[in-house]
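S.K.: I am attaching a structure below and will ask some questions about it afterwards.
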Amino acid sequence: MHEWALAEAILTTAAQIAEKERLKEVTEVTIRIGELQDVEPEILKFALGEIKSDLFKNAKFRLLKAKTELKCRVCGTIWRFKRESLDAATAEAIHFVPEAAHTFVKCPKCGSPDFEIASGRGVWLDSIQGVK
């Protein structure tokens with residue numbers, strides 16, 4: 001249920017930005033969600049719609065997925081993480097605990113499980129559009 005808390009944080013931050021930009025109404029908020037982030041997009045979208053204030057009354061919330069790139073700490077290889085290449089149980093484990101990826105994923109070049117998540121984690125506001 002952290003999507004509700006996340007929705008509240010997104011709306012609070014977007015309202016602060018709208019105030020700074022002197023927007024009277026926000027018409028669109030684009031949110032980027034890391035592929036490895038444990039967020040259910042439909043629940044987040046629903047939560048945003050349910051708790052939005054008058055500032056966002058006509059706003060569209062666009063949710064975009066940020067692709068994941070991994071970087072091997074041994075050989076420096078960078079590669080794209082592809083959830084669809086994993087079996088269902090492994091994909092589920094990584095969904096709930098992204099750090100578990102080190103148990104299941106290896107560098108395609110040297111086979112090392114020692115890699116960093118270079119991108120694909122986190123949630124951030126990509127853009128806010130509105131009327132001044």
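Lettering and numbering for the structure tokens are positional, with chains as A, B, ... in the shown order, residues counted from 1 in each chain, and ligands counted from 1 in the shown order.
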List as a Markdown table every residue of range 6-65 of chain A that is in contact with range 91-107 of chain A, defined as an atom at most 8 Å from one of its atoms (using only C-alpha atoms), together with the nearest atom pair and the distance in Å rounded to one decimal, sorted by chain and then rising number.
M.R.:
| residue | atom | partner | partner_atom | distance |
| --- | --- | --- | --- | --- |
| A:Leu36 | CA | A:Pro98 | CA | 6.0 |
| A:Gln37 | CA | A:His95 | CA | 7.2 |
| A:Asp38 | CA | A:His95 | CA | 5.8 |
S.K.: Could you give me, as a short mmCIF file (atom, residue, chain, number, x, y, z; two decimals) with C-alpha atoms, in the first residue's frame, the residues within 8 Å of Ile33 in chain A, counting only C-alpha atoms and dropping anything in the same chain fewer than 3 positions from it?
M.R.:
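Contents of around03.cif, as written:
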data_model
loop_
_atom_site.label_atom_id
_atom_site.label_comp_id
_atom_site.auth_asym_id
_atom_site.auth_seq_id
_atom_site.Cartn_x
_atom_site.Cartn_y
_atom_site.Cartn_z
CA GLN A 37 10.93 -0.11 -8.24
CA VAL A 39 5.34 0.14 -7.54
CA LEU A 63 3.34 7.09 -15.73
CA LEU A 64 6.44 6.12 -17.68
CA LYS A 65 8.75 3.21 -17.01
CA ALA A 66 12.48 3.90 -16.66
CA GLY A 120 16.01 1.82 -13.21
CA ARG A 121 15.44 2.50 -9.51
CA GLY A 122 13.43 5.31 -8.00
CA VAL A 123 10.41 7.45 -8.79
CA TRP A 124 10.69 11.03 -9.96
#
S.K.: In range 19-71 of chain A, what's strand (DSSP E) per DSSP? Answer as a ChimeraX atom specification?
M.R.: /A:25-34,60-66,69-71
S.K.: How many Å lie between CA of Ile78 in chain A and CA of Glu35 in chain A, rounded to one decimal?
M.R.: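 Separation between CA of Ile78 in chain A and CA of Glu35 in chain A: 16.2 Å.
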S.K.: Between A:Ala18, A:Ala59, A:Leu44, A:Ala118, single out the one closest to Trp79 in chain A, counting only C-alpha atoms.
M.R.: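 Looking only at the distances to Trp79 in chain A, the closest residue turns out to be A:Ala118.
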S.K.: As a PDB file with N, CA, C and O atoms, in the first residue's frame, please: the residues near Arg80 in chain A (cut-off 10 Å, only C-alpha atoms, same-chain neighbours under 6 positions excluded).
M.R.:
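As written to disk, selection_21.pdb reads:
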ATOM      1  N   LYS A  67      13.787   2.302 -17.885  1.00  0.00           N
ATOM      2  CA  LYS A  67      14.456   1.018 -18.126  1.00  0.00           C
ATOM      3  C   LYS A  67      15.648   0.847 -17.189  1.00  0.00           C
ATOM      4  O   LYS A  67      16.239   1.811 -16.726  1.00  0.00           O
ATOM      5  N   THR A  68      15.983  -0.395 -16.945  1.00  0.00           N
ATOM      6  CA  THR A  68      17.068  -0.713 -16.027  1.00  0.00           C
ATOM      7  C   THR A  68      18.340  -1.075 -16.779  1.00  0.00           C
ATOM      8  O   THR A  68      18.313  -1.890 -17.704  1.00  0.00           O
ATOM      9  N   GLU A  69      19.429  -0.454 -16.366  1.00  0.00           N
ATOM     10  CA  GLU A  69      20.750  -0.810 -16.870  1.00  0.00           C
ATOM     11  C   GLU A  69      21.603  -1.234 -15.692  1.00  0.00           C
ATOM     12  O   GLU A  69      21.550  -0.623 -14.621  1.00  0.00           O
ATOM     13  N   LEU A  70      22.356  -2.285 -15.901  1.00  0.00           N
ATOM     14  CA  LEU A  70      23.252  -2.816 -14.880  1.00  0.00           C
ATOM     15  C   LEU A  70      24.688  -2.632 -15.353  1.00  0.00           C
ATOM     16  O   LEU A  70      24.962  -2.693 -16.555  1.00  0.00           O
ATOM     17  N   LYS A  71      25.596  -2.419 -14.399  1.00  0.00           N
ATOM     18  CA  LYS A  71      27.010  -2.238 -14.750  1.00  0.00           C
ATOM     19  C   LYS A  71      27.845  -3.177 -13.887  1.00  0.00           C
ATOM     20  O   LYS A  71      27.809  -3.113 -12.660  1.00  0.00           O
ATOM     21  N   ALA A 118      22.722   0.772 -12.426  1.00  0.00           N
ATOM     22  CA  ALA A 118      23.103   2.092 -12.931  1.00  0.00           C
ATOM     23  C   ALA A 118      21.886   2.987 -13.157  1.00  0.00           C
ATOM     24  O   ALA A 118      21.958   4.199 -12.991  1.00  0.00           O
ATOM     25  N   SER A 119      20.771   2.393 -13.537  1.00  0.00           N
ATOM     26  CA  SER A 119      19.520   3.131 -13.710  1.00  0.00           C
ATOM     27  C   SER A 119      18.364   2.153 -13.602  1.00  0.00           C
ATOM     28  O   SER A 119      18.539   0.952 -13.782  1.00  0.00           O
ATOM     29  N   GLY A 120      17.183   2.671 -13.299  1.00  0.00           N
ATOM     30  CA  GLY A 120      16.008   1.819 -13.208  1.00  0.00           C
ATOM     31  C   GLY A 120      15.450   1.675 -11.814  1.00  0.00           C
ATOM     32  O   GLY A 120      14.547   0.883 -11.582  1.00  0.00           O
TER      33      GLY A 120
END
S.K.: Looking at only C-alpha atoms, which of A:Thr77, A:Lys132, A:Glu84, A:Ser53 is the one that sits closest to Gly111 in chain A?
M.R.: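 Between A:Thr77, A:Lys132, A:Glu84, A:Ser53, the residue approaching Gly111 in chain A most closely is A:Thr77.
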S.K.: Using backbone DSSP assignments, extract all alpha helix (DSSP H) residues from chain A; output them as a JSON list (two decimals) with all heavy atoms, in the first residue's frame.
M.R.:
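Output file selection-v8.json is given in full below:
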[["chain", "number", "residue", "atom", "x", "y", "z"],
["A", 2, "HIS", "N", 2.16, 1.14, -0.25],
["A", 2, "HIS", "CA", 3.00, 2.33, -0.26],
["A", 2, "HIS", "C", 2.71, 3.23, -1.45],
["A", 2, "HIS", "O", 3.16, 4.37, -1.49],
["A", 2, "HIS", "CB", 4.48, 1.95, -0.18],
["A", 2, "HIS", "CG", 5.02, 1.34, -1.43],
["A", 2, "HIS", "ND1", 4.83, 0.02, -1.75],
["A", 2, "HIS", "CD2", 5.73, 1.88, -2.43],
["A", 2, "HIS", "CE1", 5.40, -0.22, -2.91],
["A", 2, "HIS", "NE2", 5.95, 0.87, -3.35],
["A", 3, "GLU", "N", 1.92, 2.76, -2.41],
["A", 3, "GLU", "CA", 1.56, 3.59, -3.55],
["A", 3, "GLU", "C", 0.78, 4.83, -3.09],
["A", 3, "GLU", "O", 0.91, 5.91, -3.67],
["A", 3, "GLU", "CB", 0.73, 2.80, -4.57],
["A", 3, "GLU", "CG", 1.54, 1.87, -5.44],
["A", 3, "GLU", "CD", 1.82, 0.52, -4.79],
["A", 3, "GLU", "OE1", 1.45, 0.31, -3.61],
["A", 3, "GLU", "OE2", 2.40, -0.35, -5.47],
["A", 4, "TRP", "N", -0.03, 4.68, -2.02],
["A", 4, "TRP", "CA", -0.80, 5.82, -1.51],
["A", 4, "TRP", "C", 0.14, 6.86, -0.91],
["A", 4, "TRP", "O", -0.03, 8.06, -1.14],
["A", 4, "TRP", "CB", -1.84, 5.34, -0.50],
["A", 4, "TRP", "CG", -2.96, 4.62, -1.18],
["A", 4, "TRP", "CD1", -2.98, 3.29, -1.54],
["A", 4, "TRP", "CD2", -4.19, 5.17, -1.64],
["A", 4, "TRP", "NE1", -4.15, 3.01, -2.18],
["A", 4, "TRP", "CE2", -4.92, 4.13, -2.25],
["A", 4, "TRP", "CE3", -4.74, 6.44, -1.58],
["A", 4, "TRP", "CZ2", -6.18, 4.33, -2.81],
["A", 4, "TRP", "CZ3", -6.01, 6.64, -2.13],
["A", 4, "TRP", "CH2", -6.71, 5.59, -2.74],
["A", 5, "ALA", "N", 1.11, 6.44, -0.14],
["A", 5, "ALA", "CA", 2.08, 7.37, 0.43],
["A", 5, "ALA", "C", 2.91, 8.01, -0.68],
["A", 5, "ALA", "O", 3.21, 9.21, -0.63],
["A", 5, "ALA", "CB", 3.00, 6.64, 1.42],
["A", 6, "LEU", "N", 3.25, 7.23, -1.68],
["A", 6, "LEU", "CA", 4.00, 7.74, -2.83],
["A", 6, "LEU", "C", 3.17, 8.78, -3.58],
["A", 6, "LEU", "O", 3.67, 9.84, -3.96],
["A", 6, "LEU", "CB", 4.39, 6.59, -3.74],
["A", 6, "LEU", "CG", 5.26, 6.89, -4.93],
["A", 6, "LEU", "CD1", 6.56, 7.56, -4.51],
["A", 6, "LEU", "CD2", 5.57, 5.60, -5.68],
["A", 7, "ALA", "N", 1.88, 8.50, -3.77],
["A", 7, "ALA", "CA", 0.99, 9.45, -4.44],
["A", 7, "ALA", "C", 0.93, 10.76, -3.67],
["A", 7, "ALA", "O", 0.98, 11.85, -4.27],
["A", 7, "ALA", "CB", -0.41, 8.85, -4.59],
["A", 8, "GLU", "N", 0.84, 10.67, -2.36],
["A", 8, "GLU", "CA", 0.80, 11.88, -1.53],
["A", 8, "GLU", "C", 2.09, 12.69, -1.69],
["A", 8, "GLU", "O", 2.06, 13.91, -1.84],
["A", 8, "GLU", "CB", 0.59, 11.50, -0.07],
["A", 8, "GLU", "CG", 0.34, 12.68, 0.82],
["A", 8, "GLU", "CD", -0.03, 12.29, 2.24],
["A", 8, "GLU", "OE1", -0.05, 11.10, 2.57],
["A", 8, "GLU", "OE2", -0.28, 13.22, 3.03],
["A", 9, "ALA", "N", 3.22, 12.01, -1.69],
["A", 9, "ALA", "CA", 4.52, 12.69, -1.85],
["A", 9, "ALA", "C", 4.63, 13.33, -3.23],
["A", 9, "ALA", "O", 5.13, 14.46, -3.37],
["A", 9, "ALA", "CB", 5.66, 11.71, -1.62],
["A", 10, "ILE", "N", 4.15, 12.64, -4.25],
["A", 10, "ILE", "CA", 4.20, 13.18, -5.62],
["A", 10, "ILE", "C", 3.35, 14.44, -5.71],
["A", 10, "ILE", "O", 3.78, 15.47, -6.24],
["A", 10, "ILE", "CB", 3.72, 12.12, -6.64],
["A", 10, "ILE", "CG1", 4.78, 11.02, -6.78],
["A", 10, "ILE", "CG2", 3.40, 12.76, -7.99],
["A", 10, "ILE", "CD1", 4.29, 9.79, -7.53],
["A", 11, "LEU", "N", 2.14, 14.39, -5.17],
["A", 11, "LEU", "CA", 1.25, 15.54, -5.23],
["A", 11, "LEU", "C", 1.79, 16.72, -4.42],
["A", 11, "LEU", "O", 1.69, 17.87, -4.85],
["A", 11, "LEU", "CB", -0.15, 15.16, -4.77],
["A", 11, "LEU", "CG", -0.90, 14.22, -5.72],
["A", 11, "LEU", "CD1", -2.19, 13.74, -5.08],
["A", 11, "LEU", "CD2", -1.18, 14.90, -7.05],
["A", 12, "THR", "N", 2.37, 16.44, -3.29],
["A", 12, "THR", "CA", 2.97, 17.50, -2.46],
["A", 12, "THR", "C", 4.10, 18.18, -3.21],
["A", 12, "THR", "O", 4.18, 19.41, -3.28],
["A", 12, "THR", "CB", 3.46, 16.93, -1.12],
["A", 12, "THR", "OG1", 2.34, 16.40, -0.41],
["A", 12, "THR", "CG2", 4.13, 18.00, -0.28],
["A", 13, "THR", "N", 4.98, 17.37, -3.79],
["A", 13, "THR", "CA", 6.12, 17.92, -4.54],
["A", 13, "THR", "C", 5.65, 18.68, -5.77],
["A", 13, "THR", "O", 6.13, 19.78, -6.06],
["A", 13, "THR", "CB", 7.09, 16.79, -4.93],
["A", 13, "THR", "OG1", 7.50, 16.11, -3.75],
["A", 13, "THR", "CG2", 8.30, 17.33, -5.67],
["A", 14, "ALA", "N", 4.69, 18.11, -6.49],
["A", 14, "ALA", "CA", 4.17, 18.77, -7.69],
["A", 14, "ALA", "C", 3.49, 20.09, -7.32],
["A", 14, "ALA", "O", 3.62, 21.08, -8.05],
["A", 14, "ALA", "CB", 3.20, 17.85, -8.43],
["A", 15, "ALA", "N", 2.80, 20.13, -6.20],
["A", 15, "ALA", "CA", 2.15, 21.38, -5.75],
["A", 15, "ALA", "C", 3.19, 22.44, -5.41],
["A", 15, "ALA", "O", 3.00, 23.63, -5.73],
["A", 15, "ALA", "CB", 1.25, 21.10, -4.55],
["A", 16, "GLN", "N", 4.29, 22.03, -4.80],
["A", 16, "GLN", "CA", 5.36, 22.98, -4.48],
["A", 16, "GLN", "C", 5.98, 23.55, -5.75],
["A", 16, "GLN", "O", 6.24, 24.75, -5.85],
["A", 16, "GLN", "CB", 6.43, 22.30, -3.63],
["A", 16, "GLN", "CG", 5.96, 21.98, -2.23],
["A", 16, "GLN", "CD", 6.95, 21.09, -1.48],
["A", 16, "GLN", "OE1", 7.89, 20.54, -2.03],
["A", 16, "GLN", "NE2", 6.70, 20.93, -0.18],
["A", 17, "ILE", "N", 6.18, 22.69, -6.74],
["A", 17, "ILE", "CA", 6.74, 23.15, -8.02],
["A", 17, "ILE", "C", 5.74, 24.07, -8.71],
["A", 17, "ILE", "O", 6.12, 25.12, -9.25],
["A", 17, "ILE", "CB", 7.11, 21.94, -8.92],
["A", 17, "ILE", "CG1", 8.27, 21.17, -8.29],
["A", 17, "ILE", "CG2", 7.44, 22.41, -10.33],
["A", 17, "ILE", "CD1", 8.54, 19.83, -8.92],
["A", 18, "ALA", "N", 4.46, 23.71, -8.68],
["A", 18, "ALA", "CA", 3.42, 24.54, -9.32],
["A", 18, "ALA", "C", 3.36, 25.92, -8.67],
["A", 18, "ALA", "O", 3.22, 26.93, -9.37],
["A", 18, "ALA", "CB", 2.06, 23.84, -9.21],
["A", 19, "GLU", "N", 3.49, 25.95, -7.35],
["A", 19, "GLU", "CA", 3.49, 27.24, -6.65],
["A", 19, "GLU", "C", 4.70, 28.08, -7.06],
["A", 19, "GLU", "O", 4.58, 29.27, -7.34],
["A", 19, "GLU", "CB", 3.51, 27.00, -5.14],
["A", 19, "GLU", "CG", 3.44, 28.28, -4.33],
["A", 19, "GLU", "CD", 3.43, 28.03, -2.83],
["A", 19, "GLU", "OE1", 3.08, 26.92, -2.39],
["A", 19, "GLU", "OE2", 3.81, 28.98, -2.10],
["A", 20, "LYS", "N", 5.85, 27.43, -7.11],
["A", 20, "LYS", "CA", 7.08, 28.13, -7.51],
["A", 20, "LYS", "C", 6.98, 28.66, -8.94],
["A", 20, "LYS", "O", 7.46, 29.75, -9.25],
["A", 20, "LYS", "CB", 8.26, 27.16, -7.39],
["A", 20, "LYS", "CG", 9.60, 27.76, -7.68],
["A", 20, "LYS", "CD", 10.69, 26.74, -7.48],
["A", 20, "LYS", "CE", 12.03, 27.28, -7.93],
["A", 20, "LYS", "NZ", 13.08, 26.28, -7.82],
["A", 41, "PRO", "N", 1.74, 0.40, -10.98],
["A", 41, "PRO", "CA", 1.31, 1.63, -11.65],
["A", 41, "PRO", "C", -0.19, 1.91, -11.56],
["A", 41, "PRO", "O", -0.59, 3.06, -11.36],
["A", 41, "PRO", "CB", 1.74, 1.42, -13.11],
["A", 41, "PRO", "CG", 2.86, 0.44, -13.02],
["A", 41, "PRO", "CD", 2.53, -0.46, -11.86],
["A", 42, "GLU", "N", -1.02, 0.89, -11.70],
["A", 42, "GLU", "CA", -2.46, 1.12, -11.66],
["A", 42, "GLU", "C", -2.93, 1.58, -10.29],
["A", 42, "GLU", "O", -3.81, 2.43, -10.18],
["A", 42, "GLU", "CB", -3.21, -0.14, -12.12],
["A", 42, "GLU", "CG", -3.05, -0.45, -13.59],
["A", 42, "GLU", "CD", -3.39, 0.74, -14.49],
["A", 42, "GLU", "OE1", -4.45, 1.37, -14.31],
["A", 42, "GLU", "OE2", -2.57, 1.06, -15.38],
["A", 43, "ILE", "N", -2.33, 1.03, -9.24],
["A", 43, "ILE", "CA", -2.69, 1.45, -7.88],
["A", 43, "ILE", "C", -2.23, 2.89, -7.66],
["A", 43, "ILE", "O", -2.96, 3.71, -7.09],
["A", 43, "ILE", "CB", -2.10, 0.51, -6.81],
["A", 43, "ILE", "CG1", -2.71, -0.89, -6.96],
["A", 43, "ILE", "CG2", -2.34, 1.05, -5.41],
["A", 43, "ILE", "CD1", -2.06, -1.95, -6.08],
["A", 44, "LEU", "N", -1.03, 3.22, -8.11],
["A", 44, "LEU", "CA", -0.51, 4.58, -7.97],
["A", 44, "LEU", "C", -1.41, 5.57, -8.71],
["A", 44, "LEU", "O", -1.78, 6.61, -8.17],
["A", 44, "LEU", "CB", 0.93, 4.68, -8.48],
["A", 44, "LEU", "CG", 1.55, 6.07, -8.46],
["A", 44, "LEU", "CD1", 1.56, 6.66, -7.04],
["A", 44, "LEU", "CD2", 2.96, 6.04, -9.04],
["A", 45, "LYS", "N", -1.79, 5.24, -9.94],
["A", 45, "LYS", "CA", -2.64, 6.12, -10.73],
["A", 45, "LYS", "C", -4.00, 6.32, -10.04],
["A", 45, "LYS", "O", -4.51, 7.44, -9.98],
["A", 45, "LYS", "CB", -2.83, 5.54, -12.14],
["A", 45, "LYS", "CG", -3.13, 6.57, -13.17],
["A", 45, "LYS", "CD", -3.06, 5.96, -14.55],
["A", 45, "LYS", "CE", -2.64, 7.01, -15.54],
["A", 45, "LYS", "NZ", -2.52, 6.53, -16.88],
["A", 46, "PHE", "N", -4.55, 5.25, -9.51],
["A", 46, "PHE", "CA", -5.82, 5.34, -8.79],
["A", 46, "PHE", "C", -5.67, 6.24, -7.57],
["A", 46, "PHE", "O", -6.50, 7.12, -7.32],
["A", 46, "PHE", "CB", -6.30, 3.94, -8.39],
["A", 46, "PHE", "CG", -7.57, 3.95, -7.60],
["A", 46, "PHE", "CD1", -8.79, 4.16, -8.23],
["A", 46, "PHE", "CD2", -7.56, 3.77, -6.23],
["A", 46, "PHE", "CE1", -9.98, 4.18, -7.50],
["A", 46, "PHE", "CE2", -8.73, 3.78, -5.49],
["A", 46, "PHE", "CZ", -9.94, 3.99, -6.12],
["A", 47, "ALA", "N", -4.60, 6.02, -6.80],
["A", 47, "ALA", "CA", -4.36, 6.82, -5.59],
["A", 47, "ALA", "C", -4.22, 8.31, -5.94],
["A", 47, "ALA", "O", -4.77, 9.17, -5.25],
["A", 47, "ALA", "CB", -3.13, 6.32, -4.86],
["A", 48, "LEU", "N", -3.48, 8.61, -6.99],
["A", 48, "LEU", "CA", -3.32, 10.00, -7.41],
["A", 48, "LEU", "C", -4.68, 10.63, -7.72],
["A", 48, "LEU", "O", -4.96, 11.77, -7.33],
["A", 48, "LEU", "CB", -2.42, 10.09, -8.64],
["A", 48, "LEU", "CG", -0.94, 9.83, -8.40],
["A", 48, "LEU", "CD1", -0.22, 9.56, -9.73],
["A", 48, "LEU", "CD2", -0.29, 10.99, -7.66],
["A", 49, "GLY", "N", -5.52, 9.89, -8.40],
["A", 49, "GLY", "CA", -6.85, 10.39, -8.75],
["A", 49, "GLY", "C", -7.75, 10.60, -7.55],
["A", 49, "GLY", "O", -8.57, 11.52, -7.52],
["A", 50, "GLU", "N", -7.58, 9.76, -6.54],
["A", 50, "GLU", "CA", -8.44, 9.82, -5.36],
["A", 50, "GLU", "C", -8.05, 10.93, -4.39],
["A", 50, "GLU", "O", -8.91, 11.50, -3.74],
["A", 50, "GLU", "CB", -8.43, 8.48, -4.63],
["A", 50, "GLU", "CG", -9.16, 7.37, -5.36],
["A", 50, "GLU", "CD", -10.65, 7.64, -5.50],
["A", 50, "GLU", "OE1", -11.31, 7.90, -4.47],
["A", 50, "GLU", "OE2", -11.15, 7.60, -6.64],
["A", 51, "ILE", "N", -6.77, 11.24, -4.27],
["A", 51, "ILE", "CA", -6.35, 12.19, -3.24],
["A", 51, "ILE", "C", -5.91, 13.55, -3.80],
["A", 51, "ILE", "O", -5.51, 14.41, -3.04],
["A", 51, "ILE", "CB", -5.23, 11.61, -2.34],
["A", 51, "ILE", "CG1", -3.95, 11.35, -3.13],
["A", 51, "ILE", "CG2", -5.71, 10.36, -1.63],
["A", 51, "ILE", "CD1", -2.77, 10.93, -2.27],
["A", 88, "ALA", "N", 9.07, -16.84, -13.70],
["A", 88, "ALA", "CA", 8.10, -16.09, -12.89],
["A", 88, "ALA", "C", 8.54, -15.92, -11.44],
["A", 88, "ALA", "O", 8.41, -14.84, -10.87],
["A", 88, "ALA", "CB", 6.73, -16.75, -12.96],
["A", 89, "ALA", "N", 9.06, -16.98, -10.82],
["A", 89, "ALA", "CA", 9.46, -16.91, -9.41],
["A", 89, "ALA", "C", 10.63, -15.94, -9.21],
["A", 89, "ALA", "O", 10.65, -15.16, -8.26],
["A", 89, "ALA", "CB", 9.84, -18.30, -8.89],
["A", 90, "THR", "N", 11.60, -15.97, -10.12],
["A", 90, "THR", "CA", 12.74, -15.07, -10.03],
["A", 90, "THR", "C", 12.31, -13.63, -10.25],
["A", 90, "THR", "O", 12.72, -12.73, -9.50],
["A", 90, "THR", "CB", 13.81, -15.47, -11.07],
["A", 90, "THR", "OG1", 14.21, -16.82, -10.82],
["A", 90, "THR", "CG2", 15.02, -14.55, -10.99],
["A", 91, "ALA", "N", 11.47, -13.40, -11.25],
["A", 91, "ALA", "CA", 10.97, -12.05, -11.51],
["A", 91, "ALA", "C", 10.21, -11.52, -10.31],
["A", 91, "ALA", "O", 10.36, -10.35, -9.94],
["A", 91, "ALA", "CB", 10.08, -12.05, -12.75],
["A", 92, "GLU", "N", 9.43, -12.36, -9.66],
["A", 92, "GLU", "CA", 8.68, -11.96, -8.47],
["A", 92, "GLU", "C", 9.62, -11.60, -7.32],
["A", 92, "GLU", "O", 9.43, -10.60, -6.63],
["A", 92, "GLU", "CB", 7.74, -13.11, -8.05],
["A", 92, "GLU", "CG", 6.93, -12.81, -6.83],
["A", 92, "GLU", "CD", 5.55, -12.28, -7.16],
["A", 92, "GLU", "OE1", 5.24, -12.05, -8.34],
["A", 92, "GLU", "OE2", 4.78, -12.10, -6.22],
["A", 93, "ALA", "N", 10.65, -12.41, -7.11],
["A", 93, "ALA", "CA", 11.63, -12.14, -6.04],
["A", 93, "ALA", "C", 12.32, -10.80, -6.27],
["A", 93, "ALA", "O", 12.45, -10.00, -5.34],
["A", 93, "ALA", "CB", 12.67, -13.26, -5.97],
["A", 94, "ILE", "N", 12.71, -10.52, -7.49],
["A", 94, "ILE", "CA", 13.39, -9.26, -7.81],
["A", 94, "ILE", "C", 12.42, -8.09, -7.71],
["A", 94, "ILE", "O", 12.80, -7.00, -7.28],
["A", 94, "ILE", "CB", 14.06, -9.34, -9.20],
["A", 94, "ILE", "CG1", 15.23, -10.34, -9.13],
["A", 94, "ILE", "CG2", 14.55, -7.98, -9.66],
["A", 94, "ILE", "CD1", 15.85, -10.65, -10.47],
["A", 95, "HIS", "N", 11.15, -8.31, -8.05],
["A", 95, "HIS", "CA", 10.15, -7.26, -7.94],
["A", 95, "HIS", "C", 10.02, -6.78, -6.50],
["A", 95, "HIS", "O", 9.98, -5.58, -6.23],
["A", 95, "HIS", "CB", 8.80, -7.76, -8.45],
["A", 95, "HIS", "CG", 7.67, -6.81, -8.21],
["A", 95, "HIS", "ND1", 7.50, -5.66, -8.96],
["A", 95, "HIS", "CD2", 6.67, -6.82, -7.31],
["A", 95, "HIS", "CE1", 6.43, -5.02, -8.51],
["A", 95, "HIS", "NE2", 5.91, -5.70, -7.51],
["A", 96, "PHE", "N", 9.97, -7.71, -5.56],
["A", 96, "PHE", "CA", 9.78, -7.34, -4.16],
["A", 96, "PHE", "C", 11.07, -6.93, -3.46],
["A", 96, "PHE", "O", 11.05, -6.11, -2.56],
["A", 96, "PHE", "CB", 9.08, -8.47, -3.39],
["A", 96, "PHE", "CG", 7.63, -8.58, -3.75],
["A", 96, "PHE", "CD1", 7.17, -9.67, -4.46],
["A", 96, "PHE", "CD2", 6.74, -7.58, -3.41],
["A", 96, "PHE", "CE1", 5.83, -9.76, -4.82],
["A", 96, "PHE", "CE2", 5.40, -7.66, -3.75],
["A", 96, "PHE", "CZ", 4.94, -8.75, -4.46],
["A", 101, "ALA", "N", 18.46, -9.34, -7.14],
["A", 101, "ALA", "CA", 18.92, -9.55, -8.51],
["A", 101, "ALA", "C", 20.33, -10.14, -8.54],
["A", 101, "ALA", "O", 20.66, -10.93, -9.42],
["A", 101, "ALA", "CB", 18.87, -8.24, -9.29],
["A", 102, "HIS", "N", 21.15, -9.79, -7.55],
["A", 102, "HIS", "CA", 22.53, -10.28, -7.51],
["A", 102, "HIS", "C", 22.59, -11.80, -7.36],
["A", 102, "HIS", "O", 23.58, -12.42, -7.74],
["A", 102, "HIS", "CB", 23.31, -9.61, -6.38],
["A", 102, "HIS", "CG", 23.47, -8.14, -6.59],
["A", 102, "HIS", "ND1", 24.44, -7.60, -7.39],
["A", 102, "HIS", "CD2", 22.75, -7.10, -6.11],
["A", 102, "HIS", "CE1", 24.32, -6.29, -7.40],
["A", 102, "HIS", "NE2", 23.30, -5.96, -6.64],
["A", 103, "THR", "N", 21.53, -12.37, -6.84],
["A", 103, "THR", "CA", 21.47, -13.83, -6.68],
["A", 103, "THR", "C", 21.17, -14.51, -8.01],
["A", 103, "THR", "O", 21.64, -15.62, -8.25],
["A", 103, "THR", "CB", 20.37, -14.20, -5.66],
["A", 103, "THR", "OG1", 20.63, -13.49, -4.46],
["A", 103, "THR", "CG2", 20.33, -15.68, -5.39],
["A", 104, "PHE", "N", 20.42, -13.85, -8.86],
["A", 104, "PHE", "CA", 19.91, -14.49, -10.07],
["A", 104, "PHE", "C", 20.53, -13.99, -11.37],
["A", 104, "PHE", "O", 20.50, -14.67, -12.37],
["A", 104, "PHE", "CB", 18.39, -14.28, -10.15],
["A", 104, "PHE", "CG", 17.65, -14.75, -8.95],
["A", 104, "PHE", "CD1", 17.15, -13.85, -8.02],
["A", 104, "PHE", "CD2", 17.46, -16.10, -8.72],
["A", 104, "PHE", "CE1", 16.46, -14.27, -6.90],
["A", 104, "PHE", "CE2", 16.77, -16.54, -7.60],
["A", 104, "PHE", "CZ", 16.27, -15.63, -6.69]]
S.K.: Which of these, A:Lys57, A:Asp114, A:Arg73, A:Lys109, has the shortest distance to Val29 in chain A once you count only C-alpha atoms?
M.R.: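 So, comparing all the options, the nearest one is A:Lys57.
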